[in-house]
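One file, run.txt, is given below (compact mmCIF, C-alpha atoms).
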```
# COMPACT_ATOMS: atom_id res chain seq x y z
CA MET N 235 -247.74 -98.56 44.86
CA LYS N 236 -250.12 -95.75 45.85
CA GLU N 237 -252.11 -96.23 42.67
CA ASN N 238 -252.27 -99.96 43.36
CA LEU N 239 -253.59 -99.22 46.86
CA PHE N 240 -256.26 -96.89 45.48
CA ALA N 241 -257.29 -99.50 42.93
CA ALA N 242 -257.48 -102.20 45.60
CA ILE N 243 -259.78 -100.04 47.71
CA ASP N 244 -261.97 -99.01 44.78
CA ALA N 245 -262.33 -102.71 43.92
CA ARG N 246 -263.61 -103.34 47.44
CA ARG N 247 -266.42 -100.76 47.25
CA GLY N 248 -269.17 -103.39 47.27
CA ASP N 249 -267.47 -105.25 50.09
CA LEU N 250 -267.21 -102.02 52.09
CA ILE N 251 -270.94 -101.39 51.65
CA ARG N 252 -271.88 -104.93 52.71
CA LEU N 253 -269.54 -104.86 55.69
CA THR N 254 -270.98 -101.56 56.92
CA GLN N 255 -274.53 -102.83 56.46
CA ASP N 256 -273.77 -106.05 58.31
CA LEU N 257 -272.33 -104.11 61.25
CA ILE N 258 -275.34 -101.77 61.43
CA ARG N 259 -277.71 -104.75 61.37
CA ILE N 260 -276.21 -106.04 64.62
CA PRO N 261 -278.00 -103.79 67.16
CA THR N 262 -275.27 -103.19 69.73
CA VAL N 263 -277.32 -100.71 71.76
CA ASN N 264 -275.68 -99.34 74.91
CA PRO N 265 -277.09 -99.18 77.48
CA PRO N 266 -277.62 -102.00 78.24
CA GLY N 267 -274.88 -103.38 75.95
CA GLN N 268 -276.57 -105.75 73.53
CA ASN N 269 -274.96 -108.20 71.10
CA TYR N 270 -271.33 -107.39 71.90
CA LEU N 271 -270.32 -111.03 71.55
CA THR N 272 -272.21 -111.34 68.26
CA ILE N 273 -270.41 -108.42 66.64
CA CYS N 274 -267.03 -109.51 68.01
CA GLU N 275 -267.48 -113.01 66.60
CA TYR N 276 -268.53 -111.54 63.26
CA LEU N 277 -265.42 -109.34 63.15
CA ALA N 278 -263.16 -112.17 64.27
CA ALA N 279 -264.37 -114.41 61.45
CA ARG N 280 -263.93 -111.60 58.93
CA LEU N 281 -260.44 -110.61 60.03
CA GLU N 282 -259.19 -114.20 60.42
CA ARG N 283 -260.11 -114.80 56.77
CA SER N 284 -257.77 -111.90 55.98
CA GLY N 285 -254.87 -113.43 57.88
CA PHE N 286 -255.29 -111.65 61.22
CA ARG N 287 -255.08 -113.47 64.54
CA ALA N 288 -258.12 -112.49 66.56
CA GLU N 289 -258.63 -112.60 70.32
CA LEU N 290 -261.80 -111.89 72.29
CA HIS N 291 -261.50 -110.28 75.71
CA ARG N 292 -264.33 -109.93 78.18
CA ALA N 293 -263.99 -107.02 80.62
CA HIS N 294 -264.94 -108.94 83.76
CA GLY N 295 -265.78 -106.59 86.59
CA ALA N 296 -266.00 -103.46 84.45
CA PRO N 297 -269.00 -101.14 84.95
CA GLY N 298 -271.99 -102.69 83.21
CA ASP N 299 -270.44 -106.13 82.75
CA SER N 300 -272.81 -108.95 83.70
CA ASP N 301 -273.72 -112.40 82.49
CA ALA N 302 -276.78 -110.88 80.84
CA TYR N 303 -274.75 -108.14 79.14
CA PRO N 304 -271.09 -109.16 79.04
CA ARG N 305 -268.58 -106.56 77.83
CA TRP N 306 -266.79 -108.28 74.95
CA ASN N 307 -263.97 -106.77 72.89
CA ILE N 308 -262.06 -108.00 69.86
CA LEU N 309 -258.41 -107.35 69.14
CA ALA N 310 -256.99 -108.67 65.86
CA ARG N 311 -253.33 -108.49 64.84
CA ARG N 312 -251.45 -109.25 61.64
CA THR N 313 -247.67 -109.36 61.85
CA GLY N 314 -245.55 -108.37 58.86
CA ALA N 315 -242.56 -109.99 57.25
CA SER N 316 -239.99 -108.09 59.31
CA ALA N 317 -239.65 -106.10 62.49
CA GLY N 318 -241.21 -102.67 62.69
CA GLU N 319 -243.77 -100.55 64.46
CA CYS N 320 -247.42 -101.31 65.13
CA VAL N 321 -250.32 -99.27 63.77
CA HIS N 322 -253.58 -99.80 65.64
CA PHE N 323 -257.07 -98.90 64.39
CA ASN N 324 -259.53 -98.73 67.29
CA SER N 325 -263.29 -98.45 66.85
CA HIS N 326 -266.08 -98.82 69.36
CA THR N 327 -268.83 -101.24 68.44
CA ASP N 328 -271.59 -99.88 70.69
CA VAL N 329 -274.27 -97.44 69.57
CA VAL N 330 -276.81 -95.32 71.42
CA GLU N 331 -280.53 -96.08 71.31
CA PRO N 332 -282.28 -95.07 68.08
CA GLY N 333 -284.71 -92.62 69.66
CA GLU N 334 -287.73 -91.23 67.81
CA GLY N 335 -288.07 -89.48 64.46
CA TRP N 336 -286.53 -91.98 62.04
CA THR N 337 -287.80 -92.26 58.46
CA LYS N 338 -285.48 -95.25 57.84
CA ASP N 339 -285.12 -98.54 59.69
CA PRO N 340 -282.47 -97.66 62.31
CA PHE N 341 -280.98 -101.14 62.02
CA GLY N 342 -281.71 -101.74 58.35
CA GLY N 343 -278.51 -100.44 56.80
CA ASP N 344 -280.43 -99.02 53.84
CA LEU N 345 -278.32 -97.79 50.91
CA GLU N 346 -279.80 -94.76 49.20
CA ASP N 347 -278.14 -92.12 47.00
CA GLY N 348 -274.66 -93.18 48.06
CA LYS N 349 -275.48 -93.07 51.78
CA ILE N 350 -275.84 -95.94 54.23
CA TYR N 351 -278.44 -95.24 56.92
CA GLY N 352 -278.69 -96.67 60.41
CA ARG N 353 -277.84 -96.17 64.05
CA GLY N 354 -274.06 -96.21 64.26
CA ALA N 355 -273.56 -95.65 60.53
CA CYS N 356 -271.28 -92.68 61.11
CA ASP N 357 -270.67 -93.19 64.86
CA MET N 358 -268.73 -95.30 64.12
CA LYS N 359 -269.39 -98.51 62.22
CA GLY N 360 -268.62 -96.79 58.93
CA GLY N 361 -265.20 -95.86 60.29
CA LEU N 362 -264.63 -99.39 61.56
CA ALA N 363 -265.50 -100.82 58.14
CA ALA N 364 -263.24 -98.30 56.37
CA SER N 365 -260.29 -99.22 58.59
CA ILE N 366 -260.77 -102.92 57.88
CA ILE N 367 -260.94 -102.34 54.12
CA ALA N 368 -257.83 -100.14 54.33
CA ALA N 369 -255.90 -102.79 56.25
CA GLU N 370 -256.97 -105.61 53.94
CA ALA N 371 -256.15 -103.62 50.82
CA PHE N 372 -252.74 -102.65 52.19
CA VAL N 373 -251.86 -106.25 53.04
CA SER N 374 -252.87 -107.39 49.56
CA VAL N 375 -250.65 -104.78 47.89
CA VAL N 376 -247.76 -104.82 50.39
CA PRO N 377 -247.63 -108.41 51.73
CA ASP N 378 -244.05 -108.01 52.93
CA PHE N 379 -244.73 -104.98 55.12
CA ALA N 380 -242.74 -104.40 58.30
CA GLY N 381 -244.17 -104.33 61.82
CA ALA N 382 -247.80 -105.11 62.61
CA ILE N 383 -251.35 -103.92 62.01
CA GLU N 384 -254.02 -104.18 64.69
CA VAL N 385 -257.78 -103.66 64.47
CA SER N 386 -259.90 -103.56 67.60
CA GLY N 387 -263.64 -103.36 68.19
CA THR N 388 -264.33 -102.28 71.73
CA ALA N 389 -267.30 -101.92 74.05
CA ASP N 390 -268.96 -99.09 75.91
CA GLU N 391 -267.40 -95.95 74.42
CA GLU N 392 -270.85 -94.36 74.56
CA SER N 393 -270.89 -94.85 78.33
CA GLY N 394 -267.27 -94.03 79.08
CA GLY N 395 -265.29 -96.88 77.53
CA TYR N 396 -264.48 -98.57 80.84
CA GLY N 397 -265.53 -101.99 79.57
CA GLY N 398 -263.60 -101.46 76.35
CA VAL N 399 -260.46 -99.41 75.71
CA ALA N 400 -259.89 -98.66 79.40
CA PHE N 401 -259.93 -102.39 80.16
CA LEU N 402 -257.55 -103.22 77.31
CA ALA N 403 -255.24 -100.35 78.28
CA GLU N 404 -255.09 -101.59 81.86
CA LYS N 405 -254.07 -104.99 80.49
CA GLY N 406 -251.18 -103.41 78.59
CA PHE N 407 -252.55 -103.66 75.05
CA PHE N 408 -251.92 -99.95 74.42
CA SER N 409 -248.49 -99.70 76.01
CA PRO N 410 -245.99 -97.72 73.86
CA ASP N 411 -243.60 -100.66 73.64
CA ARG N 412 -246.36 -102.71 72.01
CA VAL N 413 -248.26 -100.14 69.91
CA GLN N 414 -246.69 -97.02 68.43
CA HIS N 415 -249.46 -95.36 66.38
CA VAL N 416 -253.22 -95.29 67.07
CA ILE N 417 -255.94 -94.05 64.73
CA ILE N 418 -259.53 -93.93 66.05
CA PRO N 419 -261.96 -93.64 63.08
CA GLU N 420 -264.49 -91.40 64.85
CA PRO N 421 -266.69 -89.31 62.50
CA LEU N 422 -264.75 -86.05 62.32
CA HIS N 423 -264.90 -86.08 58.48
CA LYS N 424 -262.40 -87.22 55.89
CA ASP N 425 -260.42 -83.95 55.74
CA ARG N 426 -260.01 -83.40 59.50
CA ILE N 427 -257.55 -84.69 62.06
CA CYS N 428 -258.84 -84.65 65.61
CA LEU N 429 -256.01 -84.06 68.06
CA GLY N 430 -257.93 -84.50 71.30
CA HIS N 431 -260.92 -83.45 73.35
CA ARG N 432 -262.16 -81.29 76.18
CA GLY N 433 -262.34 -82.53 79.75
CA GLY N 434 -265.50 -83.72 81.46
CA TRP N 435 -266.63 -83.65 85.09
CA TRP N 436 -269.94 -85.25 86.08
CA ALA N 437 -271.61 -84.99 89.47
CA GLU N 438 -274.91 -85.60 91.21
CA ILE N 439 -276.13 -82.83 93.50
CA GLU N 440 -278.92 -83.41 96.00
CA THR N 441 -280.81 -80.69 97.85
CA LYS N 442 -282.53 -81.81 101.03
CA GLY N 443 -285.87 -80.91 102.58
CA GLU N 444 -288.52 -82.29 104.91
CA ILE N 445 -291.61 -84.26 103.91
CA ALA N 446 -295.03 -82.95 104.93
CA HIS N 447 -298.62 -82.91 103.68
CA GLY N 448 -298.98 -81.05 100.42
CA SER N 449 -301.91 -79.03 101.76
CA MET N 450 -299.64 -77.67 104.51
CA PRO N 451 -296.29 -77.11 102.82
CA PHE N 452 -295.30 -74.66 105.55
CA LEU N 453 -294.92 -77.66 107.86
CA GLY N 454 -292.26 -79.16 105.62
CA ASP N 455 -289.34 -77.93 103.57
CA CYS N 456 -289.46 -78.23 99.77
CA ALA N 457 -286.24 -79.68 98.38
CA VAL N 458 -287.33 -78.75 94.85
CA ARG N 459 -287.45 -75.05 95.79
CA HIS N 460 -283.94 -75.36 97.19
CA MET N 461 -282.85 -76.90 93.90
CA GLY N 462 -284.55 -74.02 92.11
CA ALA N 463 -282.32 -71.64 94.06
CA LEU N 464 -279.25 -73.56 92.88
CA LEU N 465 -280.45 -73.55 89.28
CA ASN N 466 -281.03 -69.82 89.55
CA ALA N 467 -277.45 -69.39 90.80
CA PHE N 468 -276.30 -71.34 87.76
CA GLU N 469 -278.25 -68.99 85.50
CA GLU N 470 -277.22 -65.78 87.23
CA GLU N 471 -273.59 -66.57 88.03
CA LEU N 472 -272.16 -69.75 86.55
CA PHE N 473 -273.38 -69.73 82.94
CA PRO N 474 -272.25 -66.13 82.32
CA ALA N 475 -268.82 -66.94 83.79
CA LEU N 476 -268.43 -70.07 81.63
CA SER N 477 -269.35 -68.20 78.45
CA MET N 478 -266.40 -65.84 78.98
CA ARG N 479 -263.78 -68.62 78.93
CA ARG N 480 -262.32 -69.58 75.58
CA THR N 481 -259.79 -72.26 74.72
CA GLU N 482 -256.84 -72.26 72.35
CA MET N 483 -257.72 -75.86 71.45
CA PRO N 484 -259.28 -76.06 67.94
CA VAL N 485 -262.56 -77.41 69.31
CA VAL N 486 -265.47 -77.84 66.89
CA PRO N 487 -268.18 -76.70 66.62
CA GLU N 488 -267.45 -73.08 67.47
CA GLY N 489 -269.87 -73.04 70.41
CA ALA N 490 -267.79 -75.70 72.19
CA ARG N 491 -264.69 -73.50 72.37
CA VAL N 492 -266.06 -72.14 75.65
CA SER N 493 -266.70 -73.98 78.90
CA THR N 494 -270.14 -75.56 79.06
CA LEU N 495 -272.53 -77.05 81.60
CA ASN N 496 -275.44 -79.33 80.81
CA ILE N 497 -278.08 -80.23 83.38
CA ASN N 498 -278.51 -83.85 82.43
CA SER N 499 -281.51 -84.72 84.60
CA VAL N 500 -283.74 -83.52 87.43
CA HIS N 501 -285.52 -85.81 89.90
CA GLY N 502 -287.54 -84.40 92.77
CA GLY N 503 -290.04 -85.85 95.22
CA GLN N 504 -291.82 -89.15 94.81
CA ALA N 505 -291.08 -91.49 91.93
CA GLU N 506 -292.80 -90.67 88.67
CA ILE N 507 -295.92 -92.71 88.08
CA SER N 508 -295.70 -95.19 85.23
CA ARG N 509 -297.19 -94.01 81.95
CA ASP N 510 -299.47 -97.02 81.79
CA SER N 511 -301.00 -96.17 85.19
CA ASN N 512 -303.94 -93.83 85.77
CA ALA N 513 -303.27 -93.51 89.50
CA LEU N 514 -303.03 -90.03 91.01
CA PRO N 515 -299.98 -88.80 92.93
CA SER N 516 -300.03 -88.51 96.72
CA HIS N 517 -299.85 -85.07 98.31
CA CYS N 518 -296.38 -84.68 99.75
CA VAL N 519 -293.75 -82.01 100.09
CA PRO N 520 -290.57 -83.39 98.45
CA ASP N 521 -287.75 -84.02 100.88
CA SER N 522 -285.14 -84.65 98.19
CA CYS N 523 -284.29 -83.29 94.75
CA ARG N 524 -281.36 -84.44 92.63
CA ILE N 525 -279.73 -83.22 89.46
CA VAL N 526 -276.93 -84.70 87.38
CA ILE N 527 -274.61 -82.15 85.80
CA ASP N 528 -272.27 -82.58 82.85
CA ARG N 529 -269.50 -79.99 82.98
CA ARG N 530 -267.20 -79.91 79.93
CA TYR N 531 -264.04 -77.99 80.65
CA LEU N 532 -261.08 -76.61 78.75
CA ILE N 533 -257.45 -77.65 78.78
CA GLU N 534 -256.72 -74.27 80.39
CA GLU N 535 -258.89 -75.25 83.41
CA THR N 536 -258.34 -77.90 86.08
CA ARG N 537 -260.52 -80.55 87.62
CA GLU N 538 -259.98 -78.93 91.03
CA SER N 539 -261.13 -75.50 89.86
CA VAL N 540 -264.19 -76.96 88.12
CA LYS N 541 -265.30 -78.72 91.29
CA ALA N 542 -264.47 -75.76 93.55
CA GLU N 543 -266.63 -73.45 91.44
CA ILE N 544 -269.70 -75.63 92.02
CA VAL N 545 -268.95 -76.09 95.71
CA SER N 546 -268.58 -72.33 96.13
CA LEU N 547 -272.11 -71.75 94.83
CA LEU N 548 -273.50 -74.47 97.10
CA GLU N 549 -271.73 -73.14 100.16
CA ALA N 550 -272.94 -69.60 99.48
CA LEU N 551 -276.52 -70.88 99.34
CA LYS N 552 -275.99 -72.84 102.54
CA HIS N 553 -274.81 -69.66 104.24
CA ASN N 554 -277.48 -67.33 102.85
CA ARG N 555 -280.60 -69.47 102.38
CA VAL N 556 -282.63 -70.72 105.34
CA ASN N 557 -282.44 -74.52 105.82
CA PHE N 558 -280.46 -75.06 102.63
CA ASP N 559 -278.53 -78.33 102.80
CA TYR N 560 -276.99 -80.44 100.08
CA ALA N 561 -274.88 -83.45 99.21
CA MET N 562 -272.66 -83.80 96.15
CA ARG N 563 -271.24 -86.96 94.61
CA GLU N 564 -268.71 -87.04 91.78
CA LEU N 565 -269.81 -89.56 89.14
CA ASN N 566 -266.96 -89.48 86.65
CA HIS N 567 -264.04 -87.42 85.43
CA VAL N 568 -262.13 -87.25 82.15
CA ALA N 569 -259.09 -85.01 81.76
CA PRO N 570 -258.60 -83.07 78.51
CA SER N 571 -256.31 -84.73 75.97
CA MET N 572 -254.29 -83.15 73.17
CA THR N 573 -251.78 -84.73 70.78
CA ASP N 574 -248.96 -82.58 69.43
CA ARG N 575 -249.39 -81.54 65.80
CA GLU N 576 -245.83 -82.70 65.12
CA ALA N 577 -246.49 -86.23 66.41
CA PRO N 578 -245.65 -88.95 63.84
CA VAL N 579 -249.23 -90.17 63.39
CA VAL N 580 -250.48 -86.60 62.90
CA ARG N 581 -247.90 -85.77 60.24
CA THR N 582 -248.44 -89.12 58.52
CA VAL N 583 -252.21 -88.78 58.26
CA ALA N 584 -251.90 -85.13 57.25
CA ASN N 585 -249.65 -86.09 54.32
CA ALA N 586 -252.05 -88.90 53.39
CA ILE N 587 -255.01 -86.49 53.34
CA ASP N 588 -253.04 -84.21 51.04
CA THR N 589 -252.20 -87.18 48.78
CA VAL N 590 -255.79 -88.44 48.57
CA LEU N 591 -257.81 -85.23 48.72
CA GLY N 592 -255.29 -82.72 47.39
CA LYS N 593 -255.61 -80.41 50.38
CA ALA N 594 -254.12 -79.83 53.79
CA PRO N 595 -256.23 -81.13 56.68
CA ASP N 596 -258.11 -79.10 59.23
CA TYR N 597 -256.91 -79.75 62.78
CA VAL N 598 -259.72 -79.98 65.31
CA ALA N 599 -260.53 -81.10 68.82
CA SER N 600 -263.72 -82.82 69.92
CA PRO N 601 -266.31 -81.16 72.17
CA GLY N 602 -266.90 -84.49 73.91
CA SER N 603 -264.50 -87.15 74.98
CA TYR N 604 -263.82 -90.41 73.20
CA ASP N 605 -261.50 -93.34 73.84
CA GLN N 606 -258.29 -91.37 73.26
CA LYS N 607 -258.58 -90.47 76.96
CA HIS N 608 -257.82 -94.04 78.03
CA ILE N 609 -255.02 -94.56 75.51
CA ASP N 610 -253.44 -91.34 76.76
CA ARG N 611 -253.95 -91.59 80.54
CA ILE N 612 -253.85 -95.35 81.11
CA GLY N 613 -251.81 -96.58 78.15
CA LYS N 614 -249.40 -93.63 78.35
CA LEU N 615 -249.45 -93.52 74.56
CA LYS N 616 -249.47 -89.95 73.21
CA ASN N 617 -249.20 -90.74 69.49
CA CYS N 618 -252.96 -91.06 68.99
CA ILE N 619 -255.58 -89.23 66.93
CA ALA N 620 -259.15 -89.55 65.77
CA TYR N 621 -259.63 -89.68 62.01
CA GLY N 622 -262.56 -91.17 60.14
CA PRO N 623 -265.46 -90.69 57.74
CA GLY N 624 -268.81 -89.21 58.65
CA LEU N 625 -270.24 -85.96 59.96
CA LEU N 626 -270.08 -85.46 63.72
CA GLU N 627 -273.37 -83.57 63.77
CA LEU N 628 -275.20 -86.72 62.55
CA ALA N 629 -274.10 -88.77 65.56
CA HIS N 630 -276.97 -89.81 67.85
CA LYS N 631 -279.52 -88.18 65.49
CA PRO N 632 -282.47 -89.73 63.61
CA ASP N 633 -281.63 -90.92 60.10
CA GLU N 634 -277.92 -91.10 60.87
CA TYR N 635 -275.92 -92.01 57.77
CA VAL N 636 -272.41 -92.30 56.35
CA GLY N 637 -271.44 -91.52 52.78
CA VAL N 638 -269.92 -94.38 50.79
CA GLY N 639 -267.62 -91.98 48.94
CA ASP N 640 -266.39 -90.56 52.22
CA MET N 641 -265.62 -94.06 53.50
CA ILE N 642 -263.69 -94.85 50.32
CA ASP N 643 -261.63 -91.68 50.63
CA SER N 644 -260.98 -92.28 54.33
CA ALA N 645 -259.93 -95.86 53.64
CA LYS N 646 -257.42 -94.54 51.10
CA VAL N 647 -256.04 -92.08 53.65
CA MET N 648 -255.67 -94.90 56.18
CA ALA N 649 -254.01 -97.17 53.61
CA ILE N 650 -251.52 -94.47 52.54
CA SER N 651 -250.77 -93.90 56.24
CA LEU N 652 -249.98 -97.61 56.59
CA LEU N 653 -247.72 -97.39 53.54
CA THR N 654 -245.83 -94.48 55.12
CA LEU N 655 -245.46 -96.15 58.51
CA LEU N 656 -244.98 -99.81 57.54
CA GLY N 657 -244.18 -99.91 53.83
CA PRO N 658 -240.83 -100.50 52.09
CA GLU N 659 -240.04 -96.76 52.05
CA ARG N 660 -241.42 -96.06 55.49
CA GLU N 661 -240.52 -92.74 57.06
CA TRP N 662 -240.87 -93.63 60.74
```

Can you turn what I pasted into structure tokens?
Amino acid sequence: MKENLFAAIDARRGDLIRLTQDLIRIPTVNPPGQNYLTICEYLAARLERSGFRAELHRAHGAPGDSDAYPRWNILARRTGASAGECVHFNSHTDVVEPGEGWTKDPFGGDLEDGKIYGRGACDMKGGLAASIIAAEAFVSVVPDFAGAIEVSGTADEESGGYGGVAFLAEKGFFSPDRVQHVIIPEPLHKDRICLGHRGGWWAEIETKGEIAHGSMPFLGDCAVRHMGALLNAFEEELFPALSMRRTEMPVVPEGARVSTLNINSVHGGQAEISRDSNALPSHCVPDSCRIVIDRRYLIEETRESVKAEIVSLLEALKHNRVNFDYAMRELNHVAPSMTDREAPVVRTVANAIDTVLGKAPDYVASPGSYDQKHIDRIGKLKNCIAYGPGLLELAHKPDEYVGVGDMIDSAKVMAISLLTLLGPEREW
């Protein structure tokens, strides 16, 4: 039966390439969230031809949802011949903007030397295509399987997943009595199992000043200088402290095994003049400066300690620096997530990797969060991992690509996992 599965996937190589190219050629750029309905309708038509029952769900009221850019999701299900558990493959359909520096058409889906190029090729339309091929091949070889297979394509993972997996989880689609095993084909590579991710805490910090004429700055109070004092405190105190903390989570790459802080943006003073304008700026002392910070924290830390550390620096400046005043606003928070290595889906995929690749998998954790956070915290489903083709370091980069051979191998791993969980000699 395993050999029949491998043969069925190898026979679908051309179909896998075309499917991946078709998905890349639908530019689902987020923000703002383009063409979500288009890609969902495409997937629905594809999966219904394979015997799945597809439903489209719009995340009304979710962040970013509007009539101009509605947050559409697809959830397709195929029920087997007898009772059993449900295996769910979840992929996000959105991609980030292409950015500069491409030598290929970012939405062309070019095939060259066994690689398919395009924005979202590895993150994660290649993984989505591989999971569909795996499911279709499995159903063709094992038509009398037990339980159910689900494939979802969800919105907004690149901006937090609140219009996608979070919405579906809140509606009960990831409850443990409905779904028992979840595989998210994020690009962690074909021989790795991703058990979870670090936590994230995002905040906006504003330093306050007083506006005055730029020729007489002593009559005002420069908010940008106050922000400079905070940034200096980050450099002198916070960054050295973060670099000393190390997690036991198997986070990759190595540099992400410590706590990190990214200063996402800085905005001070008057609004920046448009690039197509040749007007000169007015002469004012800035009365406000804002930064957005992205603090990634370890499972050994807490949200409360992360926030308190920032507040402590701000309060020290308020006490020691003349006229220093600030406001802080939390923007978002994601708790760390970690699946046990002995969980059924972990052991199943590990055995499948050994069967297909002839080696034991590497167990890793992601430096950034992905939609496992919502399945874990909202859905209360712990039996969830990320596993898929592609190299994580290519995500969001120019000339992003996914290897066809890697997709084939990953599809075989997914299909063998289905055989273990739902086949006639299932172990779980």

Dump as JSON lines the rows for residues of stretch 390-493 of chain N within 7 Å of stretch 511-530 of chain N: closest atom pair and distance in Å with one decimal, only C-alpha atoms counted, ordered by chain and rising residue number.
```
{"residue": "N:Arg432", "atom": "CA", "partner": "N:Arg530", "partner_atom": "CA", "distance": 6.4}
{"residue": "N:Gly433", "atom": "CA", "partner": "N:Arg530", "partner_atom": "CA", "distance": 5.5}
{"residue": "N:Gly434", "atom": "CA", "partner": "N:Arg530", "partner_atom": "CA", "distance": 4.4}
{"residue": "N:Trp435", "atom": "CA", "partner": "N:Arg529", "partner_atom": "CA", "distance": 5.1}
{"residue": "N:Trp436", "atom": "CA", "partner": "N:Asp528", "partner_atom": "CA", "distance": 4.8}
{"residue": "N:Ala437", "atom": "CA", "partner": "N:Ile527", "partner_atom": "CA", "distance": 5.5}
{"residue": "N:Glu438", "atom": "CA", "partner": "N:Val526", "partner_atom": "CA", "distance": 4.4}
{"residue": "N:Ile439", "atom": "CA", "partner": "N:Ile525", "partner_atom": "CA", "distance": 5.4}
{"residue": "N:Glu440", "atom": "CA", "partner": "N:Arg524", "partner_atom": "CA", "distance": 4.3}
{"residue": "N:Thr441", "atom": "CA", "partner": "N:Cys523", "partner_atom": "CA", "distance": 5.3}
{"residue": "N:Lys442", "atom": "CA", "partner": "N:Ser522", "partner_atom": "CA", "distance": 4.8}
{"residue": "N:Gly443", "atom": "CA", "partner": "N:Asp521", "partner_atom": "CA", "distance": 4.0}
{"residue": "N:Glu444", "atom": "CA", "partner": "N:Asp521", "partner_atom": "CA", "distance": 4.5}
{"residue": "N:Ile445", "atom": "CA", "partner": "N:Asp521", "partner_atom": "CA", "distance": 4.9}
{"residue": "N:Ala446", "atom": "CA", "partner": "N:Val519", "partner_atom": "CA", "distance": 5.1}
{"residue": "N:His447", "atom": "CA", "partner": "N:Cys518", "partner_atom": "CA", "distance": 4.9}
{"residue": "N:Gly448", "atom": "CA", "partner": "N:Cys518", "partner_atom": "CA", "distance": 4.5}
{"residue": "N:Pro451", "atom": "CA", "partner": "N:Val519", "partner_atom": "CA", "distance": 6.2}
{"residue": "N:Gly454", "atom": "CA", "partner": "N:Val519", "partner_atom": "CA", "distance": 6.4}
{"residue": "N:Asp455", "atom": "CA", "partner": "N:Asp521", "partner_atom": "CA", "distance": 6.8}
{"residue": "N:Cys456", "atom": "CA", "partner": "N:Pro520", "partner_atom": "CA", "distance": 5.4}
{"residue": "N:Ala457", "atom": "CA", "partner": "N:Ser522", "partner_atom": "CA", "distance": 5.1}
{"residue": "N:Val458", "atom": "CA", "partner": "N:Cys523", "partner_atom": "CA", "distance": 5.5}
{"residue": "N:Met461", "atom": "CA", "partner": "N:Cys523", "partner_atom": "CA", "distance": 6.6}
{"residue": "N:Ser493", "atom": "CA", "partner": "N:Arg530", "partner_atom": "CA", "distance": 6.0}
```

*Around (-261.4, -81.8, 76.0) in the file's own coordinates, what residues are found within 9 Å if you use all atoms listed in the file, given back as JSON, numbers by chain?*
{"N": [430, 431, 432, 433, 434, 483, 485, 530, 531, 532, 533, 568, 569, 570, 571, 572, 599, 600, 601, 602, 603]}

*N:Met450, N:Val638, N:Leu429, N:Ala288: which is nearest N:Arg246, counting only C-alpha atoms?*
N:Val638

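The closest residue to N:Phe473, picked from N:Glu543, N:Glu282, N:Asp244, N:Glu331 and counting only C-alpha atoms, is N:Glu543.
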
*Taking into account all atoms listed in the file, which residue in the set N:Ser365, N:Thr494, N:Asn617, N:Asn466 is nearest to N:Asp643?*
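Smallest separation from N:Asp643 among the options: N:Ser365.
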
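The spacing separating atom CA of N:Glu420 from atom CA of N:Thr481 amounts to 22.0 Å.
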